[in-house]
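K.L.:
The structure is given below, and queries will be raised subsequently.
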Amino acid sequence: MVVPVAFFALFFAWPVVSIVERGLRVDGVWQFGRFGESLSRPEILDVLWFTLWQALASTGLTLLIALPGAYVFARFDFRGKGLLRAVVTVPFVMPTVMVGTAFLALVGRGGLLDELWGVRLDTTVWAILIAHVFFNYAVVVRTVGGLWAQLDPRQEEAARVLGASRWRAWRTVTLPALAPSVAAAALMVFLFTASSFAVVQILGGSTYSTLETEIYRQTVVRFDLTTAAVLTMVQFVAVGVVLAVHARTVRRRESALRMVAPEETARRPRGIGQWALFAAVLLSVALLIVLPLGVLVERSFATSQGYGLDYYRALQTPDPSGTFLVPLLDTIGNSLRYAVVATLIALVIGGLAAAALTRRAGRLVRGFDALLMLPLGVSAVTVGFGFLITLDEPPFDLRASWILVPLAQALVGVPFVVRTMLPVLRAVDERLREAAAVLGASPWRAWREVDLPLVRRALLIAAGFAFAVSLGEFGATVFIARPDSPTLTVAVARLLGRPGELNYGQAMALSTILMVVCAVSLLLLERLRTDRTSGEF
């Protein structure tokens with residue numbers, strides 16, 4: 001636990017505490033009375049209420065739509081499965097700015113639905129909820145599906161032989177085994193939607209606002225650090241309560257599971273019911289994920305003179321305004337380098353944390369578990385500003401160093417590593433480790449021979465998540481990325497903030513390139529994961 005605790009203390013707790021102190025401490029005196037003043041304002045109360053209920057609605061809707069997809073990916077074997085898995089993961093790595101823009105092009109004024117049927121959903125809560133499902137679909141499919149694919153189906157079949165219906169067998173055997181993984185996915189979706197920024201800002205307009213958008217407005221627009229600090233503390237406490245309830249609930253449901261190789265559980269759909277479910281999942285993926293992505297790609301080629309590659313060619317030329325010190329095409333290499341380093345950091349920190357949580361118990365460890373999830377629920381704006389304020393003096397003067405960006409991205413990647421690996425590690429039968437110890441294996445060798453073969457698949461899934469999160473991270477990166485090495489997400493956001501058809505087209509082109517890079521990376525990961533996990537169980 002030492003290394004993860006030190007990492008979070010230095011790169012998370014210190015920056016956040018510094019921001020809060022700067023906003024609530026004036027001339028050495030803490031202004032705690034500002035809590036009541038800020039939280040009693042009607043507009044702030046409206047923000048708090050909308051943040052809560054839209055996050056709950058988004059989480060429920062995501063689980064409802066994505067759990068059938070998790071089952072299909074876990075239990076069905078079909079042609080193009082790896083490609084489809086990569087497709088559903090692509091939205092998760094897209095900058096949230098582009099998620100909002102893609103749906104605006106689909107459901108906003110002059111969008112596809114407006115042109116075809118005269119239907120507009122922008123500035124409505126439905127556009128926000130659907131965009132959140134689009135963004136978080138992969139969280140449920142990969143987190144829940146990763147464990148579901150390794151559950152031995154013979155346990156459910158045994159219940160059927162003993163007279164249980166298909167529904168009762170699933171409810172009493174499979175669902176309890178999946179509960180920790182479902183809870184972990186729901187927690188991540190809730191935290192992401194509760195801290196939603198760009199999606200709400202673009203699709204909600206001035207009608208809707210979350211804590212994240214309000215913190216940004218109070219900090220950047222109104223320069224009211226006191227109100228921003230109060231909202232940050234409210235967000236921090238709320239996330240802490242959610243994590244405490246989650247940890248207490250999930251631990252009661254954890255048990256050792258019988259694990260098998262994914263290749264032993266996946267088979268072609270059989271019967272009308274399974275084929276109907278398979279078709280329904282494909283249709284939902286086509287409408288919810290492929291269609292917005294298709295609109296995005298179409299806009300990257302649509303110029304005023306017709307379809308062409310003009311926007312892509314413009315990426316290779318220097319920016320005439322001087323906003324970007326390098327050609328926009330160089331942002332691809334920057335993003336990939338940052339993402340690789342951030343993934344390695346997240347795997348080391350998250351792997352150590354998951355191993356510690358597996359072997360230890362108690363209130364201290366449960367608090368440590370909650371600490372690891374806090375970056376998902378605390379404002380990225382706060383973290384980004386905190387980096388600039390705190391990491392500016394020796395021995396931690398990192399403001400001019402490139403490593404600052406991967407460190408910020410790894411903060412968001414670690415929770416995914418932990419939540420992906422932890423259910424599988426805790427599902428390993430403790431008797432296997434004890435048997436290895438009796439036979440003379442050291443703790444390290446027992447972990448290498450017993451845990452690692454079972455957790456390797458989850459480790460690769462975690463690596464994919466961390467890499468994807470790093471590619472798409474925007475909130476903190478926009479404040480700390482150096483002008484001579486911007487990332488794809490920063491470049492896209494800045495292009496969208498500038499008027500003109502060329503800037504908009506270049507933003508669409510960069511976003512399309514980001515999608516392609518992500519899809520190729522995920523396909524490689526799928527092939528690597530399949531090759532390495534065959535025959536290991």
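By order of appearance in the structure tokens: chains A, B, ..., then residues from 1 within every chain, and ligands from 1 in the order shown.
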Taking the chain letters and numbering used in this document, name the residues of range 62-95 of chain A that DSSP puts in alpha helix (DSSP H), as an MDAnalysis selection string.
P.N.:
chainID A and resid 62:75 81:93
K.L.:
List as a list in words the protein and nucleic acid residues near Ala228 in chain A, meaning an atom at most 9 Å away when only C-alpha atoms are counted, but skip any in the same chain fewer than 5 places from it.
P.N.:
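The neighbour list is Val20, Gly23, Glu214, Ile215, Tyr216, Arg217, Gln218, Thr219, Phe223, Met233 and Thr382 of chain A.
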K.L.:
Considering only C-alpha atoms, state which residue in the set A:Ala229, A:Val520, A:Ala184, A:Ile332 is at the smallest distance from Arg25 in chain A.
P.N.:
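Closest to Arg25 in chain A, using only C-alpha atoms: A:Ala229.
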K.L.:
Neighbours of Ser284 in chain A within 12 Å (only C-alpha atoms; same-chain residues fewer than 2 positions away dropped), as an MDAnalysis selection string?
P.N.:
chainID A and resid 62 64:69 88 130 133:134 137 277:282 286:291
K.L.:
Using only C-alpha atoms, which residue out of A:Thr477, A:Thr226, A:Gln201, A:Gln235 lies closest to Arg34 in chain A?
P.N.:
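Once distances to Arg34 in chain A are computed over only C-alpha atoms, the minimum belongs to A:Thr226.
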K.L.:
Please identify all polymer residues within 10 Å of Val16 in chain A, counting only C-alpha atoms, omitting same-chain residues fewer than 2 positions from it, and present them as a CSV table (one decimal) with C-alpha atoms, in the first residue's frame.
P.N.:
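out.csv, written as the output of this step:
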chain,number,residue,atom,x,y,z
A,9,ALA,CA,-0.9,11.8,-1.5
A,11,PHE,CA,-0.4,13.9,-7.0
A,12,PHE,CA,-4.0,14.0,-5.8
A,13,ALA,CA,-4.5,15.0,-2.2
A,14,TRP,CA,-1.8,17.8,-2.1
A,18,SER,CA,-4.1,23.4,-1.9
A,19,ILE,CA,-6.9,24.6,-4.1
A,20,VAL,CA,-9.4,24.3,-1.3
A,21,GLU,CA,-7.1,26.2,1.1
A,229,ALA,CA,-13.7,25.5,-3.2
A,232,THR,CA,-15.3,21.0,-4.6
A,233,MET,CA,-15.6,20.0,-0.9
A,236,PHE,CA,-15.5,15.4,-2.4
A,378,VAL,CA,-13.4,15.0,-8.0
A,379,SER,CA,-13.4,17.8,-10.5
A,380,ALA,CA,-10.6,17.5,-13.1
A,381,VAL,CA,-10.5,21.3,-13.2
A,382,THR,CA,-9.5,21.3,-9.5
A,383,VAL,CA,-6.8,18.7,-10.1
A,384,GLY,CA,-5.4,20.6,-13.1
A,385,PHE,CA,-5.2,23.9,-11.3
A,386,GLY,CA,-3.8,22.2,-8.3
A,387,PHE,CA,-1.0,20.7,-10.3
A,389,ILE,CA,-0.1,25.7,-8.0
A,390,THR,CA,1.7,22.9,-6.0
K.L.:
From the options A:Thr303, A:Ser165, A:Thr420, A:Ser470, which residue's atoms come nearest to Leu147 in chain A, counting only C-alpha atoms?
P.N.:
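Residue with the minimum atom-to-atom distance to Leu147 in chain A: A:Thr420.
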K.L.:
At a cut-off of 12 Å, using only C-alpha atoms, what residues contact Arg270 in chain A? Leave out same-chain residues fewer than 6 positions from it and give the result as JSON, numbers by chain.
P.N.:
{"A": [75, 76, 77, 78, 276, 277, 278]}
K.L.:
May I have the selected residues written with C-alpha atoms, as a PDB file, in the first residue's frame?
P.N.:
ATOM      1  CA  ARG A  75     -21.221 -15.895 -23.808  1.00  0.00           C
ATOM      2  CA  PHE A  76     -21.584 -15.671 -27.590  1.00  0.00           C
ATOM      3  CA  ASP A  77     -18.948 -16.445 -30.201  1.00  0.00           C
ATOM      4  CA  PHE A  78     -19.455 -14.741 -33.541  1.00  0.00           C
ATOM      5  CA  ALA A 276     -33.253 -12.255 -30.905  1.00  0.00           C
ATOM      6  CA  LEU A 277     -31.082 -10.997 -28.028  1.00  0.00           C
ATOM      7  CA  PHE A 278     -28.034 -10.972 -30.308  1.00  0.00           C
TER       8      PHE A 278
END
K.L.:
Which residues are close to Gln155 in chain A, i.e. within 10 Å by only C-alpha atoms, leaving aside same-chain residues fewer than 3 positions away? Reply as a compact mmCIF listing (two decimals) with N, CA and C atoms, in the first residue's frame.
P.N.:
# COMPACT_ATOMS: atom_id res chain seq x y z
N LEU A 151 -16.89 -17.04 -15.77
CA LEU A 151 -17.71 -17.81 -14.84
C LEU A 151 -18.06 -19.16 -15.46
N ASP A 152 -17.93 -20.20 -14.67
CA ASP A 152 -18.22 -21.55 -15.15
C ASP A 152 -19.72 -21.70 -15.37
N ALA A 158 -26.27 -26.70 -13.46
CA ALA A 158 -26.61 -27.60 -12.36
C ALA A 158 -27.90 -27.16 -11.69
N ALA A 159 -28.10 -25.86 -11.54
CA ALA A 159 -29.35 -25.36 -10.96
C ALA A 159 -30.53 -25.69 -11.86
N ARG A 160 -30.34 -25.63 -13.18
CA ARG A 160 -31.41 -25.99 -14.11
C ARG A 160 -31.77 -27.46 -13.98
N ALA A 169 -32.37 -19.63 -12.13
CA ALA A 169 -30.97 -20.08 -12.09
C ALA A 169 -30.02 -18.91 -12.28
N TRP A 170 -30.37 -17.99 -13.20
CA TRP A 170 -29.52 -16.82 -13.41
C TRP A 170 -29.55 -15.90 -12.20
N VAL A 173 -27.76 -17.85 -9.06
CA VAL A 173 -26.40 -18.38 -9.22
C VAL A 173 -25.48 -17.36 -9.88
N THR A 174 -25.85 -16.89 -11.06
CA THR A 174 -24.96 -16.02 -11.83
C THR A 174 -24.95 -14.59 -11.30
N LEU A 257 -15.13 -17.94 -6.72
CA LEU A 257 -15.88 -18.41 -7.87
C LEU A 257 -15.08 -19.45 -8.63
N ARG A 258 -15.80 -20.30 -9.33
CA ARG A 258 -15.14 -21.27 -10.19
C ARG A 258 -14.90 -20.61 -11.54
K.L.:
Report, in Å with one decimal, the straight-line distance from CA of Trp53 in chain A to CA of Thr210 in chain A.
P.N.:
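Taking CA of Trp53 in chain A and CA of Thr210 in chain A, their separation equals 10.4 Å.
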K.L.:
State, in Å with one decimal place, the distance from CA of Ala458 in chain A to CA of Met421 in chain A.
P.N.:
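Computing it gives 5.5 Å between the two atoms.
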K.L.:
Have a look at A:Leu502, A:Leu336, A:Val90, A:Val428 and name the one nearest to Thr487 in chain A; count only C-alpha atoms.
P.N.:
A:Leu336
K.L.:
Give the answer as one residue: which of A:Val5, A:Leu203, A:Leu231, A:Ala74 has the shortest atom-to-atom distance to Leu106 in chain A, using only C-alpha atoms?
P.N.:
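Between A:Val5, A:Leu203, A:Leu231, A:Ala74, the residue approaching Leu106 in chain A most closely is A:Leu203.
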